[in-house]
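Chemist: So here's protein-v8.tsv, just TSV, C-alpha atoms:
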```tsv
chain	number	residue	atom	x	y	z
A	27	MET	CA	19.90	-35.63	21.16
A	28	ASP	CA	17.33	-38.21	20.03
A	29	ARG	CA	17.28	-39.61	16.49
A	30	GLN	CA	14.48	-37.43	15.13
A	31	SER	CA	16.05	-34.27	16.54
A	32	TRP	CA	19.35	-35.25	14.94
A	33	ILE	CA	17.65	-35.83	11.57
A	34	LEU	CA	15.93	-32.45	11.81
A	35	ALA	CA	19.21	-30.73	12.68
A	36	GLU	CA	20.91	-32.34	9.68
A	37	ALA	CA	18.07	-31.25	7.40
A	38	GLN	CA	18.28	-27.70	8.71
A	39	ARG	CA	22.06	-27.66	8.26
A	40	HIS	CA	22.10	-29.06	4.72
A	41	GLY	CA	18.64	-28.15	3.43
A	42	ARG	CA	17.73	-31.76	2.69
A	43	VAL	CA	18.60	-35.29	3.78
A	44	SER	CA	18.74	-38.74	2.17
A	45	VAL	CA	17.13	-41.84	3.70
A	46	ASP	CA	20.06	-44.07	2.72
A	47	ALA	CA	22.70	-41.64	4.01
A	48	LEU	CA	20.88	-41.20	7.32
A	49	ALA	CA	20.52	-44.97	7.74
A	50	ASP	CA	24.25	-45.45	7.17
A	51	GLU	CA	25.20	-42.59	9.50
A	52	LEU	CA	22.92	-43.72	12.33
A	53	GLY	CA	23.34	-47.46	11.86
A	54	VAL	CA	19.61	-48.19	11.58
A	55	SER	CA	17.36	-49.52	8.83
A	56	THR	CA	15.94	-47.35	6.06
A	57	HIS	CA	12.50	-48.34	7.33
A	58	THR	CA	13.28	-46.73	10.69
A	59	ILE	CA	14.51	-43.56	8.98
A	60	ARG	CA	11.39	-43.35	6.79
A	61	ARG	CA	9.23	-43.72	9.89
A	62	ASP	CA	11.12	-40.88	11.60
A	63	ILE	CA	10.80	-38.70	8.50
A	64	ASN	CA	7.08	-39.41	8.33
A	65	VAL	CA	6.68	-38.17	11.91
A	66	LEU	CA	8.65	-35.00	11.16
A	67	CYS	CA	6.62	-34.40	8.00
A	68	GLU	CA	3.37	-34.78	9.95
A	69	GLN	CA	4.70	-32.10	12.31
A	70	SER	CA	5.35	-29.82	9.30
A	71	LYS	CA	9.09	-29.78	10.08
A	72	LEU	CA	10.17	-31.64	6.93
A	73	ARG	CA	8.72	-32.03	3.43
A	74	ARG	CA	9.02	-35.39	1.65
A	75	LEU	CA	11.26	-35.72	-1.39
A	76	HIS	CA	12.04	-38.78	-3.48
A	77	GLY	CA	14.54	-40.72	-1.39
A	78	GLY	CA	14.53	-38.28	1.50
A	79	ALA	CA	13.15	-34.99	2.75
A	80	GLU	CA	13.87	-31.25	2.87
A	81	TYR	CA	13.78	-28.80	5.75
A	82	ILE	CA	10.81	-26.45	6.07
A	83	ASP	CA	11.70	-22.98	7.28
A	84	GLY	CA	9.22	-22.36	10.09
A	85	SER	CA	9.28	-18.59	9.47
A	86	ALA	CA	8.19	-18.93	5.82
A	87	ASN	CA	4.91	-20.28	4.56
A	88	MET	CA	4.66	-23.23	2.17
A	89	PRO	CA	3.13	-22.84	-1.31
A	90	TYR	CA	-0.66	-22.97	-1.31
A	91	GLY	CA	-0.86	-26.24	-3.26
A	92	ALA	CA	1.37	-27.98	-0.73
A	93	ARG	CA	-0.58	-26.55	2.22
A	94	ALA	CA	-3.90	-27.60	0.69
A	95	VAL	CA	-3.01	-31.29	0.82
A	96	LEU	CA	-1.04	-31.14	4.09
A	97	HIS	CA	-3.13	-32.53	6.97
A	98	ALA	CA	-6.15	-32.60	4.65
A	99	ALA	CA	-8.08	-35.13	6.77
A	100	ALA	CA	-7.65	-32.97	9.88
A	101	LYS	CA	-8.81	-29.88	8.01
A	102	GLN	CA	-11.86	-31.73	6.69
A	103	ASN	CA	-12.80	-32.76	10.22
A	104	ILE	CA	-12.43	-29.16	11.40
A	105	ALA	CA	-14.44	-27.90	8.43
A	106	ARG	CA	-17.36	-30.27	9.05
A	107	GLU	CA	-17.53	-29.27	12.69
A	108	ALA	CA	-17.23	-25.55	11.91
A	109	ALA	CA	-20.03	-25.79	9.31
A	110	ARG	CA	-22.38	-27.13	11.97
A	111	HIS	CA	-22.26	-23.74	13.68
A	112	VAL	CA	-23.37	-21.83	10.54
A	113	PRO	CA	-27.17	-21.58	10.18
A	114	ASN	CA	-28.90	-21.06	6.85
A	115	GLY	CA	-29.28	-17.39	5.96
A	116	SER	CA	-26.17	-16.30	7.87
A	117	THR	CA	-23.76	-13.57	6.88
A	118	VAL	CA	-20.32	-15.16	7.10
A	119	PHE	CA	-16.79	-13.77	6.94
A	120	ILE	CA	-14.15	-16.22	5.66
A	121	SER	CA	-10.44	-15.40	5.81
A	122	ILE	CA	-7.59	-16.54	3.62
A	123	GLY	CA	-5.90	-19.90	4.20
A	124	THR	CA	-6.47	-23.54	3.41
A	125	THR	CA	-8.48	-24.44	6.51
A	126	PRO	CA	-11.03	-21.64	5.97
A	127	ALA	CA	-11.28	-22.79	2.34
A	128	PHE	CA	-12.08	-26.30	3.59
A	129	VAL	CA	-14.80	-24.76	5.78
A	130	ALA	CA	-16.23	-22.97	2.73
A	131	SER	CA	-16.47	-26.29	0.90
A	132	ALA	CA	-18.22	-27.83	3.92
A	133	LEU	CA	-20.90	-25.11	3.68
A	134	SER	CA	-22.14	-26.56	0.38
A	135	ASP	CA	-25.44	-27.74	1.88
A	136	LYS	CA	-26.23	-24.37	3.51
A	137	GLU	CA	-28.79	-22.04	1.95
A	138	SER	CA	-29.04	-18.29	1.43
A	139	LEU	CA	-25.64	-17.38	2.84
A	140	THR	CA	-24.04	-13.98	2.39
A	141	VAL	CA	-20.31	-14.67	2.31
A	142	VAL	CA	-17.71	-11.90	2.52
A	143	THR	CA	-14.22	-13.14	1.76
A	144	ASN	CA	-10.86	-12.20	0.30
A	145	ASN	CA	-10.15	-15.90	-0.30
A	146	LEU	CA	-11.01	-16.75	-3.93
A	147	ASN	CA	-10.82	-20.48	-3.19
A	148	ALA	CA	-13.53	-20.00	-0.55
A	149	ALA	CA	-15.54	-17.72	-2.83
A	150	MET	CA	-15.59	-20.34	-5.59
A	151	ALA	CA	-16.57	-23.09	-3.15
A	152	VAL	CA	-19.60	-21.27	-1.75
A	153	SER	CA	-20.62	-19.99	-5.20
A	154	GLU	CA	-21.65	-23.54	-6.14
A	155	ALA	CA	-24.99	-22.83	-4.42
A	156	SER	CA	-26.91	-20.34	-6.57
A	157	GLY	CA	-28.83	-18.98	-3.59
A	158	ASN	CA	-25.68	-17.66	-1.91
A	159	ARG	CA	-24.44	-14.09	-2.21
A	160	VAL	CA	-20.65	-13.76	-2.42
A	161	ILE	CA	-18.85	-10.45	-1.85
A	162	VAL	CA	-15.14	-10.05	-2.61
A	163	PRO	CA	-12.79	-7.04	-2.56
A	164	GLY	CA	-11.11	-5.55	-5.60
A	165	GLY	CA	-7.39	-5.55	-6.22
A	166	VAL	CA	-4.55	-7.72	-7.42
A	167	LEU	CA	-4.95	-11.46	-6.88
A	168	ARG	CA	-2.03	-12.93	-4.95
A	169	LEU	CA	-0.81	-16.08	-6.66
A	170	PRO	CA	-0.64	-19.01	-6.21
A	171	ASP	CA	-2.72	-18.52	-3.04
A	172	ARG	CA	-5.61	-16.93	-4.96
A	173	ASP	CA	-6.40	-14.35	-2.30
A	174	ILE	CA	-6.35	-10.55	-1.97
A	175	LEU	CA	-4.30	-8.81	0.72
A	176	ASN	CA	-4.76	-5.05	0.59
A	177	GLN	CA	-6.47	-2.11	2.26
A	178	ALA	CA	-9.62	-2.82	0.24
A	179	SER	CA	-9.88	-6.21	1.98
A	180	ILE	CA	-9.58	-4.61	5.42
A	181	ASP	CA	-12.17	-1.97	4.47
A	182	LEU	CA	-14.54	-4.63	3.13
A	183	PHE	CA	-14.61	-6.62	6.37
A	184	SER	CA	-15.02	-3.37	8.30
A	185	ALA	CA	-18.03	-2.34	6.20
A	186	TYR	CA	-20.15	-5.39	7.09
A	187	ARG	CA	-21.43	-6.97	10.27
A	188	ALA	CA	-21.32	-10.77	10.06
A	189	ASP	CA	-23.15	-13.34	12.13
A	190	ILE	CA	-20.04	-15.53	12.08
A	191	GLY	CA	-16.42	-14.68	11.29
A	192	ILE	CA	-14.29	-17.69	10.35
A	193	TYR	CA	-10.55	-17.19	10.28
A	194	GLY	CA	-7.36	-19.23	10.24
A	195	VAL	CA	-3.90	-18.39	11.48
A	196	GLY	CA	-0.30	-18.96	10.45
A	197	GLY	CA	0.82	-20.05	13.90
A	198	ILE	CA	-0.03	-19.92	17.62
A	199	ASP	CA	2.78	-18.97	19.99
A	200	ARG	CA	3.23	-20.46	23.46
A	201	ASP	CA	1.72	-17.40	25.12
A	202	GLY	CA	-1.39	-17.63	22.94
A	203	SER	CA	-0.38	-14.87	20.52
A	204	LEU	CA	-1.63	-15.37	16.95
A	205	LEU	CA	1.03	-15.24	14.25
A	206	ASP	CA	0.90	-14.71	10.49
A	207	PHE	CA	3.35	-14.17	7.67
A	208	TYR	CA	2.28	-10.66	6.61
A	209	GLU	CA	1.00	-7.65	8.54
A	210	GLU	CA	-2.01	-7.43	6.21
A	211	GLU	CA	-3.05	-10.94	7.23
A	212	VAL	CA	-3.07	-9.86	10.87
A	213	ARG	CA	-5.08	-6.69	10.19
A	214	ILE	CA	-7.66	-8.56	8.10
A	215	ARG	CA	-8.01	-11.28	10.74
A	216	GLN	CA	-8.55	-8.62	13.40
A	217	ALA	CA	-11.17	-6.87	11.25
A	218	ILE	CA	-13.00	-10.18	10.80
A	219	ARG	CA	-13.06	-10.81	14.54
A	220	ALA	CA	-14.06	-7.25	15.45
A	221	ASN	CA	-17.01	-7.14	13.05
A	222	ALA	CA	-18.50	-10.60	13.64
A	223	ARG	CA	-21.09	-11.40	16.28
A	224	LEU	CA	-19.38	-14.77	16.78
A	225	SER	CA	-15.71	-15.24	15.89
A	226	MET	CA	-14.45	-18.73	15.07
A	227	LEU	CA	-10.78	-19.65	14.83
A	228	VAL	CA	-10.11	-22.86	12.88
A	229	ALA	CA	-6.66	-24.42	13.26
A	230	ASP	CA	-5.15	-27.88	13.04
A	231	LYS	CA	-2.77	-29.11	15.73
A	232	THR	CA	0.39	-28.24	13.78
A	233	LYS	CA	-0.35	-24.51	14.09
A	234	PHE	CA	0.44	-24.67	17.83
A	235	GLY	CA	4.07	-23.68	18.22
A	236	ARG	CA	4.53	-22.81	14.55
A	237	ARG	CA	6.54	-19.66	13.95
A	238	ALA	CA	5.65	-16.64	11.80
A	239	ALA	CA	6.88	-13.06	11.90
A	240	ALA	CA	3.73	-10.90	12.14
A	241	VAL	CA	1.85	-10.91	15.46
A	242	GLY	CA	-1.60	-9.67	16.42
A	243	GLY	CA	-4.49	-10.94	18.50
A	244	SER	CA	-4.74	-13.77	20.97
A	245	LEU	CA	-6.16	-17.26	21.13
A	246	SER	CA	-8.37	-16.15	24.02
A	247	GLU	CA	-10.19	-13.59	21.84
A	248	ALA	CA	-11.96	-16.23	19.73
A	249	ASP	CA	-15.54	-16.99	20.73
A	250	LEU	CA	-15.05	-20.51	19.39
A	251	LEU	CA	-11.85	-22.47	18.69
A	252	VAL	CA	-12.27	-25.51	16.44
A	253	ILE	CA	-9.26	-27.85	16.30
A	254	ASP	CA	-8.71	-31.40	15.12
A	255	GLU	CA	-6.73	-32.65	18.10
A	256	VAL	CA	-5.51	-31.37	21.44
A	257	PRO	CA	-1.88	-30.17	21.11
A	258	GLY	CA	0.97	-31.01	23.47
A	259	ALA	CA	1.13	-30.32	27.19
A	260	ASP	CA	2.92	-26.99	26.61
A	261	PHE	CA	-0.37	-25.53	25.39
A	262	ALA	CA	-2.64	-27.11	28.01
A	263	PRO	CA	-2.81	-23.93	30.19
A	264	LEU	CA	-3.99	-21.92	27.17
A	265	LEU	CA	-6.79	-24.37	26.39
A	266	GLU	CA	-7.86	-24.55	30.03
A	267	ASP	CA	-8.67	-20.84	29.78
A	268	LEU	CA	-11.28	-21.53	27.06
A	269	PRO	CA	-14.14	-23.23	28.96
A	270	GLY	CA	-17.09	-23.88	26.66
A	271	ARG	CA	-15.27	-22.37	23.69
A	272	LEU	CA	-13.01	-25.25	22.63
A	273	VAL	CA	-14.33	-27.80	20.13
A	274	VAL	CA	-12.20	-30.83	19.25
A	275	ALA	CA	-13.53	-32.19	15.97
A	276	GLN	CA	-11.33	-35.27	15.55
A	277	LYS	CA	-13.06	-37.85	17.72
A	278	GLU	CA	-16.59	-37.17	16.52
A	279	TRP	CA	-15.88	-37.04	12.83
A	280	GLN	CA	-13.35	-39.86	12.65
A	281	ALA	CA	-15.79	-42.13	14.48
A	282	GLN	CA	-18.42	-41.70	11.76
```
The structure in this file should be written as structure tokens.
Modeler:
Amino acid sequence: MDRQSWILAEAQRHGRVSVDALADELGVSTHTIRRDINVLCEQSKLRRLHGGAEYIDGSANMPYGARAVLHAAAKQNIAREAARHVPNGSTVFISIGTTPAFVASALSDKESLTVVTNNLNAAMAVSEASGNRVIVPGGVLRLPDRDILNQASIDLFSAYRADIGIYGVGGIDRDGSLLDFYEEEVRIRQAIRANARLSMLVADKTKFGRRAAAVGGSLSEADLLVIDEVPGADFAPLLEDLPGRLVVAQKEWQAQ
């Protein structure tokens, strides 16, 4: 077992790990341990704590505030690229999740949009432009995510026909299955895709291989897949099946 795998196993066993204790146990410098922890945090396997890190349960989602700042640069790159595919005057579906909310913020210079969303963060972002029309479902707001997951949300997306449906995902399995944390998330995502003329999945690299319990839909069903970086070789066959539909935003936007 390599060092990072050992650190991850210890964090999973004990819930959290200390930099100093790991350095003593492994006989390496604290700098080396911090570097390993940084890599594991970037992979969404650990979460930084003062003096160490804690294990992230891959089958449970992180709080919204933590997700909003995690991989923020990658999500901004994805959002800028996704916004390029949204013409003025479009009707746009936007799902829940932090990456779709980043896309909503990137639409700030678009005009006369009709936005249908159950993501209040996205609704507030696109409402900054007075010429936009924003449609949201009724029901109880889920906190702290600030979204609505109910039958009214499913019915809302089914009652409109969008030019573009933008949706995120909790995780992408090795066979291309799309995973989420609640059944309602899956059903809403499927309604968005089914009722949009062009469906756009936005996902950063860490979603590939990430676990979640609810399953529905496939990577291959998206008309456009916008990612920040090509994932590992395990997912190469999946991406090869998306000719002309895969957009990697990282290189273009980081070069500017």
Chemist: How far is it from atom CA of Ile82 of chain A to atom CA of Asp206 of chain A, in Å with one decimal?
Modeler: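 Going from atom CA of Ile82 of chain A over to atom CA of Asp206 of chain A, I get 16.0 Å.
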Chemist: Have a look at A:Ser44, A:Gln30, A:Asn145, A:Asn221 and name the one nearest to Arg61 of chain A; count only C-alpha atoms.
Modeler: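 Ranking A:Ser44, A:Gln30, A:Asn145, A:Asn221 by distance to Arg61 of chain A, first place goes to A:Gln30.
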Chemist: Using only C-alpha atoms, which residues sit within 8 Å of segment 149-152 of chain A once same-chain residues fewer than 6 positions away are excluded, as a list in words?
Modeler: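 Here the answer would be Ala127, Ala130, Ser131, Leu133, Ser134, Val141, Thr143, Asn158, Val160 and Val162 of chain A.
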Chemist: Using all atoms listed in the file, which of the listed residues (A:Val142, A:Ile174, A:Met226, A:Ala240) sits closest to Arg271 of chain A?
Modeler: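 Under the stated criterion, the closest residue is A:Met226.
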Chemist: Ranking A:Gln102, A:Thr124, A:Thr232, A:Asn144 by minimum distance to Ala178 of chain A and counting all atoms listed in the file, which one comes first?
Modeler: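 Comparing A:Gln102, A:Thr124, A:Thr232, A:Asn144 against Ala178 of chain A, the winner is A:Asn144.
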Chemist: With a distance cut-off of 12 Å and only C-alpha atoms, select the neighbouring residues of segment 253-262 of chain A, excluding the residue or stretch itself and same-chain residues fewer than 6 positions from it, and output the selection as a PyMOL selection string.
Modeler: chain A and resi 69+97-108+125+194-195+198-203+226-236+245+268+271-280
Chemist: Find, counting only C-alpha atoms, the residue in A:Gly157, A:Gly123, A:Gly191, A:Gly41 that gets nearest to Arg223 of chain A.
Modeler: A:Gly191
Chemist: Using all atoms listed in the file, list the residues that have an atom at most 9 Å from (-30.1, -15.2, 7.6), coordinates as in the file, as a PyMOL selection string.
Modeler: chain A and resi 113-117+137-140+189
Chemist: Kindly save the residues from that selection, with C-alpha atoms included, as a PDB file, in the coordinates of the input.
Modeler:
```pdb
ATOM      1  CA  PRO A 113     -27.170 -21.580  10.180  1.00  0.00           C
ATOM      2  CA  ASN A 114     -28.900 -21.060   6.850  1.00  0.00           C
ATOM      3  CA  GLY A 115     -29.280 -17.390   5.960  1.00  0.00           C
ATOM      4  CA  SER A 116     -26.170 -16.300   7.870  1.00  0.00           C
ATOM      5  CA  THR A 117     -23.760 -13.570   6.880  1.00  0.00           C
ATOM      6  CA  GLU A 137     -28.790 -22.040   1.950  1.00  0.00           C
ATOM      7  CA  SER A 138     -29.040 -18.290   1.430  1.00  0.00           C
ATOM      8  CA  LEU A 139     -25.640 -17.380   2.840  1.00  0.00           C
ATOM      9  CA  THR A 140     -24.040 -13.980   2.390  1.00  0.00           C
ATOM     10  CA  ASP A 189     -23.150 -13.340  12.130  1.00  0.00           C
TER      11      ASP A 189
END
```
Chemist: Using all atoms listed in the file, which residue out of A:Leu265, A:Ile192, A:Ala132, A:Ala47 lies closest to Ala222 of chain A?
Modeler: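 That would be A:Ile192, the residue with the smallest distance to Ala222 of chain A.
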